[in-house]
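Asks: What follows is data_8.cif, made up of mmCIF, C-alpha atoms:
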data_data
#
loop_
_atom_site.label_atom_id
_atom_site.label_comp_id
_atom_site.auth_asym_id
_atom_site.auth_seq_id
_atom_site.Cartn_x
_atom_site.Cartn_y
_atom_site.Cartn_z
CA MET A 24 38.62 -82.62 -84.56
CA GLU A 25 37.28 -83.36 -81.18
CA ASP A 26 33.98 -81.80 -80.32
CA ILE A 27 33.38 -80.60 -76.86
CA TYR A 28 29.86 -81.23 -75.82
CA SER A 29 28.70 -79.34 -72.84
CA SER A 30 25.19 -78.66 -71.70
CA PRO A 31 24.51 -75.18 -70.43
CA LYS A 32 24.13 -75.27 -66.69
CA SER A 33 21.48 -73.23 -65.02
CA LYS A 34 22.92 -70.96 -62.40
CA CYS A 35 19.70 -71.19 -60.47
CA LYS A 36 19.53 -74.37 -58.46
CA LEU A 37 16.20 -75.27 -56.93
CA VAL A 38 16.65 -76.74 -53.51
CA LYS A 39 14.37 -77.44 -50.61
CA THR A 40 15.02 -77.49 -46.91
CA ARG A 41 14.75 -80.96 -45.39
CA LYS A 42 11.64 -82.06 -43.52
CA SER A 43 13.61 -82.56 -40.30
CA LYS A 44 14.53 -78.87 -40.25
CA ILE A 45 10.92 -77.89 -40.87
CA ASP A 46 9.72 -80.23 -38.11
CA ALA A 47 12.19 -78.55 -35.75
CA LEU A 48 10.73 -75.17 -36.70
CA LEU A 49 7.17 -76.37 -36.10
CA ALA A 50 8.19 -77.80 -32.72
CA PHE A 51 9.83 -74.47 -31.86
CA SER A 52 6.66 -72.64 -32.84
CA LYS A 53 4.48 -74.92 -30.68
CA SER A 54 6.77 -74.47 -27.69
CA LEU A 55 6.99 -70.68 -27.96
CA HIS A 56 4.56 -68.63 -25.92
CA ILE A 57 4.60 -64.86 -25.71
CA VAL A 58 3.48 -63.32 -22.45
CA LYS A 59 2.71 -59.59 -22.48
CA HIS A 60 3.00 -57.66 -19.27
CA LYS A 61 2.92 -53.90 -18.85
CA GLY A 62 3.70 -53.26 -22.51
CA LYS A 63 6.64 -55.68 -22.56
CA SER A 64 6.75 -59.05 -24.34
CA PHE A 65 8.32 -62.04 -22.66
CA GLU A 66 9.15 -65.23 -24.50
CA ASN A 67 8.44 -68.56 -22.84
CA ASN A 68 9.85 -71.63 -24.46
CA LEU A 69 8.03 -74.58 -22.95
CA ASN A 70 9.58 -77.76 -24.22
CA MET B 12 -2.79 -61.81 -55.79
CA GLU B 13 -4.85 -64.78 -54.63
CA LEU B 14 -1.73 -66.45 -53.26
CA GLN B 15 -0.83 -63.34 -51.29
CA LEU B 16 -4.36 -63.18 -49.88
CA GLU B 17 -4.08 -66.79 -48.85
CA ASP B 18 -0.81 -66.02 -47.11
CA ALA B 19 -2.53 -63.21 -45.24
CA VAL B 20 -5.33 -65.57 -44.15
CA LEU B 21 -2.84 -68.20 -43.05
CA ILE B 22 -0.90 -65.60 -41.06
CA GLN B 23 -4.09 -64.50 -39.33
CA ASN B 24 -4.97 -68.11 -38.54
CA TYR B 25 -1.47 -68.73 -37.20
CA ILE B 26 -1.58 -65.62 -35.00
CA GLN B 27 -4.89 -66.92 -33.62
CA GLY B 28 -3.24 -70.21 -32.66
CA ASP B 29 -3.54 -72.45 -35.72
CA GLU B 30 -0.10 -74.10 -35.85
CA LYS B 31 -1.04 -75.98 -39.02
CA ALA B 32 -1.18 -72.65 -40.88
CA LEU B 33 2.55 -72.18 -40.24
CA GLU B 34 3.32 -75.58 -41.73
CA VAL B 35 1.41 -74.64 -44.89
CA LEU B 36 3.25 -71.31 -45.10
CA ILE B 37 6.68 -72.92 -44.65
CA ASN B 38 6.00 -75.66 -47.18
CA ARG B 39 4.56 -73.18 -49.67
CA HIS B 40 7.65 -70.97 -49.63
CA ASN B 41 10.27 -73.61 -48.83
CA GLN B 42 11.65 -74.02 -52.35
CA ARG B 43 11.74 -70.35 -53.28
CA LEU B 44 13.28 -69.22 -50.03
CA THR B 45 15.79 -72.09 -49.83
CA SER B 46 16.83 -71.56 -53.46
CA PHE B 47 17.19 -67.83 -52.83
CA ILE B 48 19.53 -68.47 -49.87
CA TYR B 49 21.41 -71.22 -51.71
CA SER B 50 22.04 -68.90 -54.67
CA LYS B 51 23.95 -66.64 -52.26
CA VAL B 52 25.85 -69.03 -50.00
CA HIS B 53 26.31 -72.12 -52.25
CA ASN B 54 26.39 -74.42 -49.28
CA ARG B 55 23.56 -76.77 -48.46
CA SER B 56 23.93 -76.95 -44.70
CA VAL B 57 24.51 -73.19 -44.33
CA THR B 58 21.43 -72.65 -46.49
CA GLU B 59 19.29 -74.78 -44.22
CA ASP B 60 20.64 -73.07 -41.09
CA ILE B 61 19.79 -69.65 -42.53
CA PHE B 62 16.37 -70.90 -43.62
CA GLN B 63 15.71 -72.08 -40.08
CA ASP B 64 16.95 -68.80 -38.54
CA THR B 65 14.74 -66.88 -40.96
CA PHE B 66 11.63 -68.72 -39.83
CA ILE B 67 12.59 -68.45 -36.18
CA LYS B 68 12.52 -64.66 -36.68
CA VAL B 69 9.24 -64.95 -38.58
CA ILE B 70 7.64 -67.06 -35.82
CA ARG B 71 8.80 -64.67 -33.09
CA THR B 72 7.52 -61.63 -34.96
CA LEU B 73 4.15 -63.21 -35.74
CA LYS B 74 3.63 -64.51 -32.20
CA ARG B 75 4.47 -61.11 -30.76
CA GLY B 76 1.87 -59.55 -33.02
CA ALA B 77 4.51 -57.28 -34.54
CA TYR B 78 3.88 -58.28 -38.18
CA ASN B 79 2.42 -55.43 -40.19
CA GLU B 80 3.21 -56.22 -43.81
CA GLU B 81 0.04 -57.95 -44.83
CA GLY B 82 0.10 -59.37 -48.32
CA LYS B 83 3.89 -59.25 -48.62
CA PHE B 84 4.87 -62.29 -46.64
CA LEU B 85 7.42 -63.84 -49.02
CA PRO B 86 9.31 -60.60 -49.77
CA TRP B 87 9.43 -59.97 -46.03
CA CYS B 88 10.87 -63.47 -45.43
CA MET B 89 13.39 -62.91 -48.21
CA ARG B 90 14.49 -59.65 -46.65
CA ILE B 91 15.07 -61.40 -43.34
CA ALA B 92 16.97 -64.19 -45.12
CA HIS B 93 19.02 -61.63 -47.04
CA ASN B 94 20.04 -59.88 -43.82
CA LEU B 95 20.99 -63.23 -42.29
CA VAL B 96 23.08 -64.05 -45.36
CA ILE B 97 24.92 -60.74 -44.92
CA ASP B 98 25.47 -61.56 -41.23
CA TYR B 99 26.85 -64.94 -42.26
CA PHE B 100 29.36 -63.43 -44.67
CA ARG B 101 30.39 -60.76 -42.16
CA ARG B 102 30.98 -63.43 -39.55
CA ASN B 103 32.98 -65.53 -41.97
CA SER B 104 35.16 -62.66 -43.11
CA LYS B 105 36.13 -62.10 -39.48
CA MET B 106 36.77 -65.77 -38.95
CA PRO B 107 38.20 -67.11 -42.22
CA ARG B 108 37.97 -70.84 -42.72
CA PHE B 109 41.05 -72.85 -43.51
CA GLU B 110 40.57 -76.16 -45.15
CA GLY B 111 43.29 -78.70 -45.78
CA HIS B 112 44.29 -79.76 -49.26
CA ALA B 113 46.68 -82.26 -50.81
CA ASP B 114 49.99 -80.53 -50.03
CA PHE B 115 49.07 -78.76 -46.82
CA ASN B 116 46.94 -79.83 -43.94
CA ILE B 117 46.21 -77.20 -41.30
CA PHE B 118 46.03 -79.93 -38.65
CA SER B 119 49.68 -80.77 -39.20
CA VAL B 120 50.62 -77.47 -37.51
CA LEU B 121 47.63 -77.13 -35.20
CA GLY B 122 46.80 -79.44 -32.37
CA ASP B 123 45.09 -79.57 -29.04
CA ASP B 124 46.50 -80.63 -25.69
CA LYS B 125 44.50 -83.82 -25.57
CA LEU B 126 46.22 -87.16 -25.80
CA ASN B 127 45.64 -89.24 -28.87
CA ALA B 128 43.87 -92.60 -28.62
CA GLU B 129 47.11 -94.47 -27.97
CA GLY B 130 48.21 -91.94 -25.37
CA GLN B 131 44.85 -92.20 -23.58
CA LEU B 132 45.14 -96.01 -23.47
CA ILE B 133 48.66 -95.81 -22.03
CA LYS B 134 47.57 -93.22 -19.48
CA SER B 135 44.61 -95.30 -18.29
CA GLN B 136 46.93 -98.33 -18.01
CA ILE B 137 49.43 -96.32 -15.94
CA ASP B 138 46.60 -95.02 -13.72
CA SER B 139 45.34 -98.53 -13.01
CA ASP B 140 48.95 -99.76 -12.37
CA ILE B 141 49.47 -96.97 -9.84
CA CYS B 142 46.17 -97.86 -8.12
CA GLU B 143 47.43 -101.42 -7.71
CA LEU B 144 50.83 -100.25 -6.45
CA ILE B 145 49.16 -98.06 -3.82
CA THR B 146 47.45 -101.15 -2.35
CA GLU B 147 50.95 -102.50 -1.56
CA LEU B 148 51.61 -99.60 0.85
CA PRO B 149 50.85 -99.60 4.60
CA ALA B 150 47.27 -98.51 5.39
CA ASP B 151 48.18 -95.07 6.82
CA GLN B 152 50.26 -94.22 3.75
CA GLN B 153 47.53 -95.47 1.41
CA GLU B 154 45.05 -93.23 3.19
CA VAL B 155 47.15 -90.07 2.90
CA ILE B 156 48.06 -90.65 -0.75
CA ARG B 157 44.41 -91.27 -1.72
CA MET B 158 43.23 -88.16 0.08
CA ARG B 159 45.95 -86.02 -1.48
CA MET B 160 46.04 -87.36 -5.03
CA TYR B 161 42.50 -88.57 -5.67
CA GLN B 162 40.39 -86.40 -3.39
CA ASP B 163 42.57 -83.28 -3.83
CA MET B 164 42.59 -82.53 -0.10
CA SER B 165 45.11 -80.18 1.50
CA PHE B 166 47.51 -81.54 4.12
CA LYS B 167 45.60 -79.52 6.72
CA GLU B 168 42.36 -81.27 5.75
CA ILE B 169 44.12 -84.66 5.69
CA ALA B 170 45.49 -84.02 9.17
CA GLU B 171 42.03 -83.06 10.47
CA ASN B 172 40.36 -86.07 8.85
CA THR B 173 42.91 -88.63 10.03
CA GLY B 174 43.41 -87.14 13.50
CA VAL B 175 47.15 -86.56 13.13
CA SER B 176 49.35 -83.47 12.90
CA ILE B 177 50.16 -81.86 9.55
CA ASN B 178 53.80 -82.94 9.94
CA THR B 179 52.74 -86.56 10.39
CA ALA B 180 50.53 -86.35 7.31
CA LEU B 181 53.44 -84.85 5.35
CA GLY B 182 55.76 -87.54 6.64
CA ARG B 183 53.33 -90.30 5.61
CA MET B 184 53.07 -88.80 2.15
CA ARG B 185 56.86 -88.66 1.86
CA TYR B 186 57.24 -92.30 2.90
CA ALA B 187 54.39 -93.32 0.62
CA LEU B 188 56.21 -91.82 -2.38
CA ILE B 189 59.58 -93.33 -1.34
CA ASN B 190 57.95 -96.75 -0.95
CA LEU B 191 56.15 -96.47 -4.27
CA ARG B 192 59.44 -95.67 -6.02
CA LYS B 193 61.07 -98.65 -4.31
CA ILE B 194 58.33 -101.02 -5.46
CA ILE B 195 58.60 -99.64 -9.01
CA GLU B 196 62.39 -100.05 -9.09
CA GLN B 197 62.37 -103.51 -7.50
CA ASN B 198 59.82 -104.82 -9.97
CA ASN B 199 61.28 -103.02 -13.01
CA ILE B 200 57.94 -101.40 -13.72
CA VAL B 201 57.92 -98.82 -16.52
CA LEU B 202 55.46 -95.99 -16.00
CA THR B 203 55.88 -93.61 -18.91
CA ASN B 204 53.56 -92.18 -21.49
#
Could you express the structure from this file as structure tokens?
Replies:
Amino acid sequence: MEDIYSSPKSKCKLVKTRKSKIDALLAFSKSLHIVKHKGKSFENNLN
Amino acid sequence: MELQLEDAVLIQNYIQGDEKALEVLINRHNQRLTSFIYSKVHNRSVTEDIFQDTFIKVIRTLKRGAYNEEGKFLPWCMRIAHNLVIDYFRRNSKMPRFEGHADFNIFSVLGDDKLNAEGQLIKSQIDSDICELITELPADQQEVIRMRMYQDMSFKEIAENTGVSINTALGRMRYALINLRKIIEQNNIVLTN
């Protein structure tokens, strides 16, 4: 009789976001400046 | 506990302008947050998009000084990611995706108005043939046909620019088209797409 061998698969897959995406986030962070004026916040994105 | 404290220190440093602190925070929580999102959406590129959107919200909140959950950075990020995942599913349920499979391809019934590669080649050939044919016309007819067809000018504007009446401009256009047809017929030129 044929045996079926199967390894139990974990439902939890560990993945990481690529470096390019993280670099884009860091660049976004560096370019973002918040200016506060009369209790209001204004975002400046200086690329 | 120590890890949470370190997060809190890094957040403070980042708020005070240390961009490197953000990099440490992102790299520290990259795997847990990405895996959390992936476990919900099961799509690598969607996961990375949501991860990025999550941190864009985090960055905006921190830079605005609106962060007030000291010591609970990761759960806060996960909550943001969770909300974005819900948004993603809501958006997708409104706009269901259709993907082709072996016996049915959605693109066999859907199409756009653009010409295919062959059609574009034929069209550009016809356009260049017509340009050459126009050079065979008398100068005044060439002028009026170029102004009308290529510069999209009205007959009133053509008349003003060439110093003739509108009727003359119309007449030149008429003769230009008659002459073009004659040249095409005489030379058995086929201009079809």
Asks: List every residue of chain A that has an atom at most 8 Å from any atom of chain B, giving for each one its closest atom pair and the distance in Å to one decimal, counting all atoms listed in the file, sorted by chain and then by ascending residue number, as a Markdown table.
Replies:
| residue | atom | partner | partner_atom | distance |
| --- | --- | --- | --- | --- |
| A:Cys35 | CA | B:Ser50 | CA | 6.7 |
| A:Lys36 | CA | B:Ser46 | CA | 6.3 |
| A:Leu37 | CA | B:Ser46 | CA | 5.1 |
| A:Val38 | CA | B:Ser46 | CA | 5.2 |
| A:Lys39 | CA | B:Gln42 | CA | 4.7 |
| A:Thr40 | CA | B:Glu59 | CA | 5.7 |
| A:Arg41 | CA | B:Glu59 | CA | 7.8 |
| A:Lys44 | CA | B:Gln63 | CA | 6.9 |
| A:Ile45 | CA | B:Ile37 | CA | 7.5 |
| A:Leu48 | CA | B:Gln63 | CA | 6.8 |
| A:Leu49 | CA | B:Glu34 | CA | 6.9 |
| A:Phe51 | CA | B:Ile67 | CA | 7.9 |
| A:Ser52 | CA | B:Ile70 | CA | 6.4 |
| A:Lys53 | CA | B:Glu30 | CA | 7.0 |
| A:His56 | CA | B:Lys74 | CA | 7.6 |
| A:Ile57 | CA | B:Arg75 | CA | 6.3 |
| A:Ser64 | CA | B:Arg75 | CA | 7.1 |
Asks: Calculate how many Å separate CA of Asn67 (chain A) from CA of Ala50 (chain A), rounding to one decimal.
Replies: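 For CA of Asn67 (chain A) relative to CA of Ala50 (chain A), the distance reads 13.5 Å.
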Asks: Please report the interatomic distance between CA of Glu154 (chain B) and CA of Ile189 (chain B) in Å with one decimal.
Replies: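 Distance reported for this atom pair: 15.2 Å.
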Asks: Quick check, in Å to one decimal: how far apart do CA of Met89 (chain B) and CA of Thr65 (chain B) lie?
Replies: 8.4 Å
Asks: Give as an NGL selection string the residues that the PyMOL selection byres ((chain B and resi 167-174) around 12) matches when applied to the coordinates above.
Replies: :B and (150-160 or 162-166 or 175-184)
Asks: Report as a list in words the full result of the PyMOL selection byres ((chain B and resi 96) around 9) when it is applied to this structure.
Replies: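 For this structure, the PyMOL selection byres ((chain B and resi 96) around 9) resolves to Ile48, Lys51, Val52, Thr58, Ile61, Ile91, Ala92, His93, Asn94, Leu95, Ile97, Asp98, Tyr99, Phe100 and Arg101 of chain B.
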Asks: Mind dumping the selected residues with C-alpha atoms as a PDB file, in the frame of the given file?
Replies:
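Generated file (selection.pdb):
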ATOM      1  CA  ILE B  48      19.530 -68.470 -49.870  1.00  0.00           C
ATOM      2  CA  LYS B  51      23.950 -66.640 -52.260  1.00  0.00           C
ATOM      3  CA  VAL B  52      25.850 -69.030 -50.000  1.00  0.00           C
ATOM      4  CA  THR B  58      21.430 -72.650 -46.490  1.00  0.00           C
ATOM      5  CA  ILE B  61      19.790 -69.650 -42.530  1.00  0.00           C
ATOM      6  CA  ILE B  91      15.070 -61.400 -43.340  1.00  0.00           C
ATOM      7  CA  ALA B  92      16.970 -64.190 -45.120  1.00  0.00           C
ATOM      8  CA  HIS B  93      19.020 -61.630 -47.040  1.00  0.00           C
ATOM      9  CA  ASN B  94      20.040 -59.880 -43.820  1.00  0.00           C
ATOM     10  CA  LEU B  95      20.990 -63.230 -42.290  1.00  0.00           C
ATOM     11  CA  ILE B  97      24.920 -60.740 -44.920  1.00  0.00           C
ATOM     12  CA  ASP B  98      25.470 -61.560 -41.230  1.00  0.00           C
ATOM     13  CA  TYR B  99      26.850 -64.940 -42.260  1.00  0.00           C
ATOM     14  CA  PHE B 100      29.360 -63.430 -44.670  1.00  0.00           C
ATOM     15  CA  ARG B 101      30.390 -60.760 -42.160  1.00  0.00           C
TER      16      ARG B 101
END
